[in-house]
Amino acid sequence: MGKTKHPGPMKLPKTPDPKHWVSPIPFGLGKVKPKHIRDTMKVVMENRDNLPYAYRILTQGVCDGCALGVSGLNDQTLKGPHLCTTRLNVLRLNTMPAIEEAVLHSDIDELRKMKSKELRQLGRIPYPLSRKPGDKKFRRITWDEALNKIASKIRRIDPKQLAFFLTARGITNEVFYTGGKLARFLGTNNIDNASRICHSPSKTALKRSLGIGASSCNYQDWIGTDVLIFWGSVAANNQPVSTKYMYAAKRKGTKIICINPYREPAMDGYWVPSIPDSALFGTKIADDFYQVNIGGDIAFMNGVIKHWFEMEEELPGSAIDLNFIRDHAKGIDSLREHVENLDWKELEISSGISKIRMLEFATLLANAKSGVFVWSMGLTQHRFGTDNISQVANLAILRGFIGRKYCGVMPIRGHSGVQGSGEMGADPFSLPGGEFDQTNIERLEKLWNFEIPKWQGDIVGVSLENAMLPEDHERKINVFYTSGGNFLETMPDPHFIEKCLQNIDLRVHQDIILNSSTLVDAKEEVIVLPAMTRYEQRGGGTSTSTERMVYFSPEIKGPRIEEARSEWEIYVELAGLVKPEEKHLFHFTEAEQIRSEIAVANPNYDGIQHLKERGDVFQWGGAWLCEDGICPTEDGKASLIPIELPDVKKPDGKFYLTTRRGKQFNSMIYSETDPFNDADRYDVLIHPEDARAHGIVDKEAVVVHNDYGTFQGKAKYADTRRGNISVYWPEGNVLIPKGVYEKYAGIPEYNASVTVEKADLYLSQKDTKYVEKRIEDLEQDIS
Ligand code: SF4
């Protein structure tokens, strides 16, 4: 843990610098770009019935959108206002009234016709609801009836047949902590959270490479570092205020490099609304793009490392920080031997990047005195996600870019709860303050005073699959309790997921809104519980940002949904109903008590107990983890790990497909059009030459298909690496195989090999050609 403290927000330069402008034409006229003013006015209109409360949420609360982290309108990186349209778009979830009774109790088939966006717009869940098979409508029930039914069912099943899930948007550390503790109190380790499908490999990789499970640095390290690398990350779209930090970085001479198959327009140029010269003329963000193949990152990084070792042969110290390696790392000899045996041709084919371009990147980093690596799901959502991230760590270690100013590795988080969820123990591999291992189990058992089950819990994807096990199987899931989450629109193979959801006896959806998953039948009953937002919860709550800042968000005065309850209070009551004789062991009456217990359960969070007022914040671990190169590993050293080239399983003649985000927040879609490239949700981004080779013209109807599903869309010419296409997530999930997980972190694979054809050709041949071809594909293609 570092001794240096974060210095607090810094100032932006006041004078403009035309060198970084996108264009001298004001407001990007004629360019495809987000319309911030129009979008903001739309949000004002949406919230017009509750504007004072909306204003208080924005000025007093901690953002419930992404994990960049902001309290009110202030962050810890830069002085000046911090606000974005992502936060504004989720604002309505907090201010809208309850769903009208007539609509809520309308025919379930009518509700099912609505998209999740329309369901969301209906309003908040007002009171507990129940629906049994054959019921055409939700029935209002009391809290007592709801919780007693849930408790009675949980008492009747084996704890291994019980699974919990918590989403990551808006949920506080207090709720993650009580959720994780509740699961263990009830005897199950089947507890997971939404970070499973975005950043679980970041934690497993950073743990094995550096002994840490979080970003080693701060956003301020972006500002003035020599090289800032975004790898498989479109931070400008997903964490919009990060563009302000990028602007500040450019002004200090930082070079920004993007590595991604698609030349993301949002990372090319951005109009930062709160910076006058950028709002007017835009800011050129990326200095260079390396358009790798989907799944080609490991090969690219191996090529860079191979170049470094060759440079070292010629001139020792010209590429690798030999002092850092001598004092703080191990494994260099096996890494050298590994890359020396790799063939350049193979590296070029796998990565899609030429040897010369790899040398350019290797030289840029070799000449840099500092560097920060930032990544997101472009690296994590693969069968080899952990290996991807360990490769990034290899680069950082070899250059000594760890544990000092302007240096570090940063998995940038998408949801406000992604960083805190695992640190609070709400996943099957974690307990508060550490791993799910003997030492931690014993430590927590002493603190909690009850026995923690010792068996390994399942990740959420496996828990859902376990709903399909035979009735007498000890892991057949019979009760699935989810706080938020919409599995139909986040998991691969939605049709299969629907069957899983239907095959569970009792499903509990604790949420603020309805979504398509809530409407799926269960075998015995679906119970819906109305939850409070983070701004309504008694005693406030905390959330942890990407850079490990723990922010306090107070309870904010405003209208309330009469029967909605704090999620941690629901857990406490349920615990007492399932185990009345032991209820004293799971007893919190105030949020402050939870924070006090967190401070002991997770020693990194010592300090959380003092957070009480709006604006209160502290950073756990200090400014830099691994400060001065000393890692929290047994021997204090970082590990260099040889990483094999993955087989992406792309047969010749097929495309490799990945999924991307548009104007949305996770599965919540805010616009049918991507403001950065004008693409529709069913557009297929394809290189023009690839398209032409298949006789496909721009905007023509196409069918993308494989053994798992069929996707009908429109071709959109795009500047992407040839052989690679992308579609929007979650619409494209029909093409993603179910049950394929990364072996260390359990993240689902979100890429697949596919065939792309003109729609008329596909449709004219589908009854004859594909029926027979499926089996052949299955054999060579399955993961
Ligand atoms: S960038 Fe993220 S933290 Fe900042 S306002 Fe937007 S959604 Fe909230």
# chains A, B, ... in the order shown; residues from 1 in each chain; ligands from 1
call {"tool": "residues_around", "arguments": {"residues": "stretch 254-262 of chain A", "least_positions_apart": "5", "cutoff": "9 Å", "atoms": "only C-alpha atoms", "output": "ChimeraX atom specification"}}
result
/A:222-234,246,248-249,267-268,285-294,297,378,685,718-722,724-726
call {"tool": "residues_around", "arguments": {"residues": "A:Thr283", "least_positions_apart": "6", "cutoff": "10 Å", "atoms": "only C-alpha atoms", "output": "list in words"}}
result
Asp17, Pro18, Lys19, His20, Trp21, Val22, Ser23, Thr243, Lys244, Met246, Tyr247, Lys250, Met267, Asp268, Gly269, Tyr270, Trp271, Val272, Ile275 and Asp277 of chain A
call {"tool": "write_last_selection", "arguments": {"atoms": "C-alpha atoms", "output": "PDB file, in the first residue's frame"}}
result
ATOM      1  CA  ASP A  17      -4.512  25.662 -27.616  1.00  0.00           C
ATOM      2  CA  PRO A  18      -5.623  25.366 -31.273  1.00  0.00           C
ATOM      3  CA  LYS A  19      -3.009  22.656 -31.833  1.00  0.00           C
ATOM      4  CA  HIS A  20      -5.412  20.096 -30.358  1.00  0.00           C
ATOM      5  CA  TRP A  21      -8.595  21.242 -32.095  1.00  0.00           C
ATOM      6  CA  VAL A  22     -10.488  18.868 -34.335  1.00  0.00           C
ATOM      7  CA  SER A  23     -11.592  21.653 -36.656  1.00  0.00           C
ATOM      8  CA  THR A 243     -12.379  13.114 -21.951  1.00  0.00           C
ATOM      9  CA  LYS A 244     -11.785  16.105 -19.712  1.00  0.00           C
ATOM     10  CA  MET A 246      -7.658  13.340 -21.676  1.00  0.00           C
ATOM     11  CA  TYR A 247      -7.903  16.997 -22.696  1.00  0.00           C
ATOM     12  CA  LYS A 250      -2.973  16.474 -24.128  1.00  0.00           C
ATOM     13  CA  MET A 267     -11.552   8.336 -29.182  1.00  0.00           C
ATOM     14  CA  ASP A 268     -10.543  10.160 -32.341  1.00  0.00           C
ATOM     15  CA  GLY A 269     -12.073  13.531 -31.527  1.00  0.00           C
ATOM     16  CA  TYR A 270     -14.402  14.737 -28.786  1.00  0.00           C
ATOM     17  CA  TRP A 271     -16.206  17.965 -27.980  1.00  0.00           C
ATOM     18  CA  VAL A 272     -15.873  18.295 -24.172  1.00  0.00           C
ATOM     19  CA  ILE A 275     -14.223  23.171 -21.633  1.00  0.00           C
ATOM     20  CA  ASP A 277     -12.387  25.700 -26.596  1.00  0.00           C
TER      21      ASP A 277
END
call {"tool": "residues_near_ligand", "arguments": {"ligand": "ligand 1", "cutoff": "7 Å", "atoms": "only C-alpha atoms and all ligand atoms", "output": "list in words"}}
result
Cys63, Asp64, Gly65, Cys66, Ala67, Leu68, Gly69, Val70, His82, Leu83, Cys84, Thr85, Thr86, Arg87, Gln239, Pro240, Val241 and Ser242 of chain A
call {"tool": "write_last_selection", "arguments": {"atoms": "N, CA, C and O atoms", "output": "PDB file, in the first residue's frame"}}
result
ATOM      1  N   CYS A  63     -22.514  10.072  -8.074  1.00  0.00           N
ATOM      2  CA  CYS A  63     -23.091   9.575  -9.324  1.00  0.00           C
ATOM      3  C   CYS A  63     -23.335   8.066  -9.251  1.00  0.00           C
ATOM      4  O   CYS A  63     -22.470   7.304  -8.817  1.00  0.00           O
ATOM      5  N   ASP A  64     -24.524   7.662  -9.696  1.00  0.00           N
ATOM      6  CA  ASP A  64     -24.862   6.239  -9.731  1.00  0.00           C
ATOM      7  C   ASP A  64     -24.634   5.649 -11.125  1.00  0.00           C
ATOM      8  O   ASP A  64     -25.095   4.559 -11.426  1.00  0.00           O
ATOM      9  N   GLY A  65     -23.945   6.412 -11.986  1.00  0.00           N
ATOM     10  CA  GLY A  65     -23.651   5.917 -13.332  1.00  0.00           C
ATOM     11  C   GLY A  65     -22.353   5.122 -13.326  1.00  0.00           C
ATOM     12  O   GLY A  65     -22.266   4.055 -12.726  1.00  0.00           O
ATOM     13  N   CYS A  66     -21.324   5.648 -13.959  1.00  0.00           N
ATOM     14  CA  CYS A  66     -20.092   4.874 -14.063  1.00  0.00           C
ATOM     15  C   CYS A  66     -19.204   5.075 -12.837  1.00  0.00           C
ATOM     16  O   CYS A  66     -19.537   5.822 -11.925  1.00  0.00           O
ATOM     17  N   ALA A  67     -18.073   4.417 -12.821  1.00  0.00           N
ATOM     18  CA  ALA A  67     -17.213   4.442 -11.638  1.00  0.00           C
ATOM     19  C   ALA A  67     -16.073   5.449 -11.772  1.00  0.00           C
ATOM     20  O   ALA A  67     -15.056   5.328 -11.103  1.00  0.00           O
ATOM     21  N   LEU A  68     -16.262   6.465 -12.651  1.00  0.00           N
ATOM     22  CA  LEU A  68     -15.221   7.489 -12.699  1.00  0.00           C
ATOM     23  C   LEU A  68     -15.158   8.165 -11.331  1.00  0.00           C
ATOM     24  O   LEU A  68     -14.090   8.446 -10.807  1.00  0.00           O
ATOM     25  N   GLY A  69     -16.354   8.402 -10.781  1.00  0.00           N
ATOM     26  CA  GLY A  69     -16.428   8.896  -9.407  1.00  0.00           C
ATOM     27  C   GLY A  69     -16.577  10.392  -9.336  1.00  0.00           C
ATOM     28  O   GLY A  69     -15.705  11.133  -9.785  1.00  0.00           O
ATOM     29  N   VAL A  70     -17.719  10.828  -8.794  1.00  0.00           N
ATOM     30  CA  VAL A  70     -17.928  12.250  -8.591  1.00  0.00           C
ATOM     31  C   VAL A  70     -18.922  12.412  -7.450  1.00  0.00           C
ATOM     32  O   VAL A  70     -19.889  11.684  -7.356  1.00  0.00           O
ATOM     33  N   HIS A  82     -18.236  18.558 -13.043  1.00  0.00           N
ATOM     34  CA  HIS A  82     -18.116  17.199 -13.592  1.00  0.00           C
ATOM     35  C   HIS A  82     -19.546  16.677 -13.773  1.00  0.00           C
ATOM     36  O   HIS A  82     -20.241  16.401 -12.808  1.00  0.00           O
ATOM     37  N   LEU A  83     -19.978  16.600 -15.006  1.00  0.00           N
ATOM     38  CA  LEU A  83     -21.332  16.110 -15.284  1.00  0.00           C
ATOM     39  C   LEU A  83     -21.345  15.564 -16.707  1.00  0.00           C
ATOM     40  O   LEU A  83     -20.648  16.096 -17.574  1.00  0.00           O
ATOM     41  N   CYS A  84     -22.123  14.510 -16.938  1.00  0.00           N
ATOM     42  CA  CYS A  84     -22.181  13.993 -18.308  1.00  0.00           C
ATOM     43  C   CYS A  84     -23.578  13.486 -18.623  1.00  0.00           C
ATOM     44  O   CYS A  84     -24.417  13.335 -17.727  1.00  0.00           O
ATOM     45  N   THR A  85     -23.811  13.200 -19.884  1.00  0.00           N
ATOM     46  CA  THR A  85     -25.156  12.777 -20.278  1.00  0.00           C
ATOM     47  C   THR A  85     -25.462  11.358 -19.782  1.00  0.00           C
ATOM     48  O   THR A  85     -26.621  10.995 -19.640  1.00  0.00           O
ATOM     49  N   THR A  86     -24.454  10.562 -19.506  1.00  0.00           N
ATOM     50  CA  THR A  86     -24.737   9.237 -18.922  1.00  0.00           C
ATOM     51  C   THR A  86     -25.418   9.423 -17.573  1.00  0.00           C
ATOM     52  O   THR A  86     -26.448   8.814 -17.275  1.00  0.00           O
ATOM     53  N   ARG A  87     -24.859  10.297 -16.743  1.00  0.00           N
ATOM     54  CA  ARG A  87     -25.468  10.554 -15.437  1.00  0.00           C
ATOM     55  C   ARG A  87     -26.857  11.166 -15.611  1.00  0.00           C
ATOM     56  O   ARG A  87     -27.797  10.812 -14.897  1.00  0.00           O
ATOM     57  N   GLN A 239     -17.244   6.442 -20.077  1.00  0.00           N
ATOM     58  CA  GLN A 239     -16.946   7.283 -18.906  1.00  0.00           C
ATOM     59  C   GLN A 239     -16.699   8.691 -19.456  1.00  0.00           C
ATOM     60  O   GLN A 239     -15.561   9.180 -19.490  1.00  0.00           O
ATOM     61  N   PRO A 240     -17.774   9.363 -19.920  1.00  0.00           N
ATOM     62  CA  PRO A 240     -17.573  10.562 -20.757  1.00  0.00           C
ATOM     63  C   PRO A 240     -16.685  11.647 -20.148  1.00  0.00           C
ATOM     64  O   PRO A 240     -15.934  12.311 -20.883  1.00  0.00           O
ATOM     65  N   VAL A 241     -16.761  11.844 -18.823  1.00  0.00           N
ATOM     66  CA  VAL A 241     -15.956  12.937 -18.254  1.00  0.00           C
ATOM     67  C   VAL A 241     -14.457  12.621 -18.336  1.00  0.00           C
ATOM     68  O   VAL A 241     -13.610  13.510 -18.216  1.00  0.00           O
ATOM     69  N   SER A 242     -14.134  11.369 -18.602  1.00  0.00           N
ATOM     70  CA  SER A 242     -12.711  11.032 -18.767  1.00  0.00           C
ATOM     71  C   SER A 242     -12.094  11.834 -19.912  1.00  0.00           C
ATOM     72  O   SER A 242     -10.884  12.034 -19.956  1.00  0.00           O
TER      73      SER A 242
END
call {"tool": "residues_around", "arguments": {"residues": "A:Glu700", "least_positions_apart": "5", "cutoff": "10 Å", "atoms": "only C-alpha atoms", "output": "PyMOL selection string"}}
result
chain A and resi 683-684+691+695+713-716+758-760
call {"tool": "closest_residue", "arguments": {"among": "A:His694, A:Asp327, A:Pro276, A:Gly622", "to": "A:Asp635", "atoms": "only C-alpha atoms"}}
result
A:Asp327
call {"tool": "closest_atom_pairs", "arguments": {"of": "stretch 449-518 of chain A", "to": "stretch 729-753 of chain A", "cutoff": "12 Å", "atoms": "only C-alpha atoms", "output": "CSV"}}
result
residue,atom,partner,partner_atom,distance
A:Gly457,CA,A:Gly746,CA,11.9
A:Asp458,CA,A:Gly746,CA,9.3
A:Ile459,CA,A:Gly746,CA,6.8
A:Val460,CA,A:Gly746,CA,9.0
A:Gly461,CA,A:Gly739,CA,7.4
A:Val462,CA,A:Gly739,CA,7.6
A:Ser463,CA,A:Gly739,CA,11.0
A:Leu464,CA,A:Gly739,CA,10.1
A:Glu465,CA,A:Gly739,CA,7.9
A:Asn466,CA,A:Gly739,CA,11.0
A:Asn486,CA,A:Pro730,CA,10.7
A:Phe487,CA,A:Pro730,CA,10.2
A:Leu488,CA,A:Pro730,CA,8.9
A:Glu489,CA,A:Pro730,CA,5.6
A:Thr490,CA,A:Pro730,CA,6.0
A:Met491,CA,A:Asn733,CA,7.1
A:Pro492,CA,A:Asn733,CA,5.0
A:Asp493,CA,A:Val734,CA,5.1
A:Pro494,CA,A:Val734,CA,6.4
A:His495,CA,A:Val734,CA,8.0
A:Phe496,CA,A:Lys738,CA,7.9
A:Ile497,CA,A:Lys738,CA,8.8
A:Cys500,CA,A:Lys738,CA,11.8
call {"tool": "closest_atom_pairs", "arguments": {"of": "stretch 153-236 of chain A", "to": "stretch 536-540 of chain A", "cutoff": "12 Å", "atoms": "only C-alpha atoms", "output": "JSON lines"}}
result
{"residue": "A:Gly170", "atom": "CA", "partner": "A:Glu536", "partner_atom": "CA", "distance": 11.4}
{"residue": "A:Ile171", "atom": "CA", "partner": "A:Gln537", "partner_atom": "CA", "distance": 10.7}
{"residue": "A:Thr172", "atom": "CA", "partner": "A:Gly540", "partner_atom": "CA", "distance": 9.0}
{"residue": "A:Asn173", "atom": "CA", "partner": "A:Gly540", "partner_atom": "CA", "distance": 10.6}
{"residue": "A:Glu174", "atom": "CA", "partner": "A:Gly540", "partner_atom": "CA", "distance": 9.2}
{"residue": "A:Val175", "atom": "CA", "partner": "A:Gln537", "partner_atom": "CA", "distance": 10.3}
call {"tool": "residues_around", "arguments": {"residues": "A:Asp437", "least_positions_apart": "4", "cutoff": "12 Å", "atoms": "only C-alpha atoms", "output": "list in words"}}
result
Gly425, Pro428, Phe429, Ser430, Leu431, Pro432, Gly433, Ile441, Glu442, Arg443, Leu444, Glu445, Ile452, Pro453, Lys454, Trp455 and Gln456 of chain A
call {"tool": "write_last_selection", "arguments": {"atoms": "all heavy atoms", "output": "compact mmCIF listing (two decimals), in the first residue's frame"}}
result
# COMPACT_ATOMS: atom_id res chain seq x y z
N GLY A 425 -17.04 -8.56 -0.85
CA GLY A 425 -17.25 -10.01 -0.75
C GLY A 425 -18.48 -10.53 -1.47
O GLY A 425 -18.90 -11.66 -1.23
N PRO A 428 -18.24 -15.18 -5.63
CA PRO A 428 -17.93 -16.49 -5.06
C PRO A 428 -16.45 -16.71 -4.74
O PRO A 428 -16.12 -17.66 -4.03
CB PRO A 428 -18.40 -17.46 -6.15
CG PRO A 428 -18.43 -16.68 -7.41
CD PRO A 428 -18.71 -15.26 -7.02
N PHE A 429 -15.60 -15.84 -5.25
CA PHE A 429 -14.16 -16.02 -5.01
C PHE A 429 -13.62 -15.04 -3.97
O PHE A 429 -12.42 -15.00 -3.72
CB PHE A 429 -13.38 -15.85 -6.32
CG PHE A 429 -13.90 -16.71 -7.44
CD1 PHE A 429 -14.38 -16.14 -8.61
CD2 PHE A 429 -13.92 -18.09 -7.31
CE1 PHE A 429 -14.89 -16.93 -9.64
CE2 PHE A 429 -14.42 -18.89 -8.34
CZ PHE A 429 -14.91 -18.31 -9.50
N SER A 430 -14.50 -14.21 -3.42
CA SER A 430 -14.02 -13.17 -2.49
C SER A 430 -14.80 -13.19 -1.19
O SER A 430 -15.97 -13.56 -1.16
CB SER A 430 -14.23 -11.77 -3.09
OG SER A 430 -13.68 -11.67 -4.35
N LEU A 431 -14.12 -12.71 -0.19
CA LEU A 431 -14.76 -12.33 1.07
C LEU A 431 -14.30 -10.90 1.33
O LEU A 431 -13.31 -10.46 0.74
CB LEU A 431 -14.31 -13.27 2.20
CG LEU A 431 -14.92 -14.68 2.16
CD1 LEU A 431 -14.18 -15.60 3.12
CD2 LEU A 431 -16.41 -14.64 2.49
N PRO A 432 -14.98 -10.17 2.20
CA PRO A 432 -14.50 -8.81 2.45
C PRO A 432 -13.03 -8.84 2.88
O PRO A 432 -12.65 -9.64 3.73
CB PRO A 432 -15.39 -8.34 3.61
CG PRO A 432 -16.62 -9.17 3.50
CD PRO A 432 -16.19 -10.49 2.97
N GLY A 433 -12.23 -8.05 2.21
CA GLY A 433 -10.83 -7.96 2.61
C GLY A 433 -9.94 -9.04 2.02
O GLY A 433 -8.77 -9.15 2.41
N ILE A 441 -11.53 -17.01 5.52
CA ILE A 441 -12.73 -17.63 6.08
C ILE A 441 -12.63 -17.61 7.61
O ILE A 441 -13.55 -17.17 8.30
CB ILE A 441 -12.90 -19.08 5.55
CG1 ILE A 441 -13.28 -19.05 4.06
CG2 ILE A 441 -13.95 -19.83 6.34
CD1 ILE A 441 -13.31 -20.39 3.38
N GLU A 442 -11.47 -18.00 8.12
CA GLU A 442 -11.32 -18.04 9.59
C GLU A 442 -11.42 -16.65 10.19
O GLU A 442 -12.05 -16.43 11.22
CB GLU A 442 -9.97 -18.68 9.96
CG GLU A 442 -10.02 -20.19 9.82
CD GLU A 442 -8.64 -20.84 9.94
OE1 GLU A 442 -7.69 -20.18 10.42
OE2 GLU A 442 -8.53 -22.01 9.53
N ARG A 443 -10.80 -15.68 9.51
CA ARG A 443 -10.84 -14.30 10.02
C ARG A 443 -12.29 -13.78 10.06
O ARG A 443 -12.74 -13.21 11.05
CB ARG A 443 -9.99 -13.42 9.09
CG ARG A 443 -9.75 -12.01 9.56
CD ARG A 443 -8.85 -11.26 8.59
NE ARG A 443 -9.42 -11.13 7.26
CZ ARG A 443 -10.28 -10.17 6.91
NH1 ARG A 443 -10.64 -9.27 7.78
NH2 ARG A 443 -10.78 -10.12 5.68
N LEU A 444 -13.02 -14.02 8.98
CA LEU A 444 -14.40 -13.52 8.91
C LEU A 444 -15.33 -14.29 9.86
O LEU A 444 -16.27 -13.72 10.41
CB LEU A 444 -14.92 -13.60 7.48
CG LEU A 444 -14.77 -12.36 6.59
CD1 LEU A 444 -15.44 -11.14 7.20
CD2 LEU A 444 -13.33 -12.01 6.29
N GLU A 445 -15.05 -15.57 10.04
CA GLU A 445 -15.91 -16.34 10.96
C GLU A 445 -15.80 -15.78 12.38
O GLU A 445 -16.78 -15.69 13.11
CB GLU A 445 -15.52 -17.82 10.95
CG GLU A 445 -16.10 -18.55 9.73
CD GLU A 445 -15.75 -20.03 9.67
OE1 GLU A 445 -14.74 -20.42 10.29
OE2 GLU A 445 -16.47 -20.77 8.98
N ILE A 452 -18.95 -20.03 7.98
CA ILE A 452 -19.08 -19.74 6.55
C ILE A 452 -19.01 -21.06 5.79
O ILE A 452 -18.13 -21.88 6.08
CB ILE A 452 -17.95 -18.79 6.10
CG1 ILE A 452 -18.10 -17.43 6.80
CG2 ILE A 452 -17.92 -18.62 4.58
CD1 ILE A 452 -16.93 -16.48 6.58
N PRO A 453 -19.93 -21.30 4.85
CA PRO A 453 -19.82 -22.57 4.10
C PRO A 453 -18.47 -22.66 3.39
O PRO A 453 -17.97 -21.65 2.90
CB PRO A 453 -20.98 -22.49 3.10
CG PRO A 453 -21.40 -21.06 3.07
CD PRO A 453 -21.02 -20.45 4.38
N LYS A 454 -17.92 -23.87 3.32
CA LYS A 454 -16.54 -24.01 2.82
C LYS A 454 -16.48 -24.38 1.33
O LYS A 454 -15.43 -24.34 0.73
CB LYS A 454 -15.78 -25.09 3.63
CG LYS A 454 -15.82 -24.88 5.15
CD LYS A 454 -15.09 -23.63 5.56
CE LYS A 454 -15.07 -23.37 7.05
NZ LYS A 454 -16.33 -23.22 7.74
N TRP A 455 -17.59 -24.80 0.77
CA TRP A 455 -17.58 -25.22 -0.65
C TRP A 455 -17.49 -24.01 -1.57
O TRP A 455 -17.92 -22.92 -1.23
CB TRP A 455 -18.80 -26.08 -0.96
CG TRP A 455 -20.11 -25.50 -0.49
CD1 TRP A 455 -20.67 -25.64 0.76
CD2 TRP A 455 -21.02 -24.66 -1.23
NE1 TRP A 455 -21.86 -24.96 0.84
CE2 TRP A 455 -22.10 -24.36 -0.37
CE3 TRP A 455 -21.03 -24.16 -2.52
CZ2 TRP A 455 -23.18 -23.56 -0.77
CZ3 TRP A 455 -22.11 -23.37 -2.92
CH2 TRP A 455 -23.16 -23.08 -2.05
N GLN A 456 -16.93 -24.25 -2.75
CA GLN A 456 -16.78 -23.16 -3.72
C GLN A 456 -18.13 -22.82 -4.36
O GLN A 456 -18.78 -23.67 -4.95
CB GLN A 456 -15.77 -23.57 -4.81
CG GLN A 456 -15.58 -22.53 -5.90
CD GLN A 456 -15.09 -21.17 -5.36
OE1 GLN A 456 -14.08 -21.09 -4.69
NE2 GLN A 456 -15.86 -20.11 -5.63
call {"tool": "closest_residue", "arguments": {"among": "A:Met41, A:Ser667, A:Gly629, A:Ile608", "to": "A:Asp321", "atoms": "only C-alpha atoms"}}
result
A:Gly629
call {"tool": "closest_residue", "arguments": {"among": "A:Lys446, A:Lys637, A:Lys42, A:Arg92", "to": "A:Ile513", "atoms": "only C-alpha atoms"}}
result
A:Arg92
call {"tool": "residues_around", "arguments": {"residues": "A:Gly636", "least_positions_apart": "4", "cutoff": "9 Å", "atoms": "only C-alpha atoms", "output": "MDAnalysis selection string"}}
result
chainID A and resid 210:211 328:329 626 629:632
call {"tool": "write_last_selection", "arguments": {"atoms": "C-alpha atoms", "output": "PDB file, in the first residue's frame"}}
result
ATOM      1  CA  LEU A 210       1.202  -7.660  -9.102  1.00  0.00           C
ATOM      2  CA  GLY A 211      -0.649  -8.879  -6.020  1.00  0.00           C
ATOM      3  CA  HIS A 328      11.102  -5.719  -8.118  1.00  0.00           C
ATOM      4  CA  ALA A 329      10.264  -8.464 -10.597  1.00  0.00           C
ATOM      5  CA  CYS A 626       2.938  -1.076  -5.349  1.00  0.00           C
ATOM      6  CA  GLY A 629       7.861  -1.074  -6.928  1.00  0.00           C
ATOM      7  CA  ILE A 630       7.051  -3.035  -3.799  1.00  0.00           C
ATOM      8  CA  CYS A 631       4.126  -5.336  -4.513  1.00  0.00           C
ATOM      9  CA  PRO A 632       1.820  -6.872  -1.909  1.00  0.00           C
TER      10      PRO A 632
END
call {"tool": "closest_atom_pairs", "arguments": {"of": "stretch 535-561 of chain A", "to": "stretch 214-220 of chain A", "cutoff": "12 Å", "atoms": "only C-alpha atoms", "output": "JSON lines"}}
result
{"residue": "A:Thr544", "atom": "CA", "partner": "A:Ala214", "partner_atom": "CA", "distance": 10.7}
{"residue": "A:Ser545", "atom": "CA", "partner": "A:Ser215", "partner_atom": "CA", "distance": 9.7}
{"residue": "A:Thr546", "atom": "CA", "partner": "A:Ser215", "partner_atom": "CA", "distance": 6.5}
{"residue": "A:Glu547", "atom": "CA", "partner": "A:Asn218", "partner_atom": "CA", "distance": 5.2}
{"residue": "A:Arg548", "atom": "CA", "partner": "A:Ser215", "partner_atom": "CA", "distance": 7.3}
{"residue": "A:Met549", "atom": "CA", "partner": "A:Asn218", "partner_atom": "CA", "distance": 9.4}
call {"tool": "write_last_selection", "arguments": {"atoms": "N, CA and C atoms", "output": "PDB file, in the first residue's frame"}}
result
ATOM      1  N   THR A 544     -17.240   2.972  -4.457  1.00  0.00           N
ATOM      2  CA  THR A 544     -15.796   3.062  -4.674  1.00  0.00           C
ATOM      3  C   THR A 544     -15.518   3.256  -6.159  1.00  0.00           C
ATOM      4  N   SER A 545     -14.718   4.261  -6.469  1.00  0.00           N
ATOM      5  CA  SER A 545     -14.443   4.554  -7.877  1.00  0.00           C
ATOM      6  C   SER A 545     -13.313   3.670  -8.396  1.00  0.00           C
ATOM      7  N   THR A 546     -13.097   3.766  -9.689  1.00  0.00           N
ATOM      8  CA  THR A 546     -11.989   3.035 -10.318  1.00  0.00           C
ATOM      9  C   THR A 546     -10.672   3.310  -9.615  1.00  0.00           C
ATOM     10  N   GLU A 547     -10.452   4.571  -9.220  1.00  0.00           N
ATOM     11  CA  GLU A 547      -9.158   4.918  -8.613  1.00  0.00           C
ATOM     12  C   GLU A 547      -9.182   4.728  -7.080  1.00  0.00           C
ATOM     13  N   ARG A 548     -10.113   3.905  -6.592  1.00  0.00           N
ATOM     14  CA  ARG A 548     -10.176   3.497  -5.176  1.00  0.00           C
ATOM     15  C   ARG A 548     -10.594   4.610  -4.231  1.00  0.00           C
ATOM     16  N   MET A 549     -11.268   5.626  -4.756  1.00  0.00           N
ATOM     17  CA  MET A 549     -11.825   6.660  -3.886  1.00  0.00           C
ATOM     18  C   MET A 549     -13.154   6.136  -3.344  1.00  0.00           C
TER      19      MET A 549
END
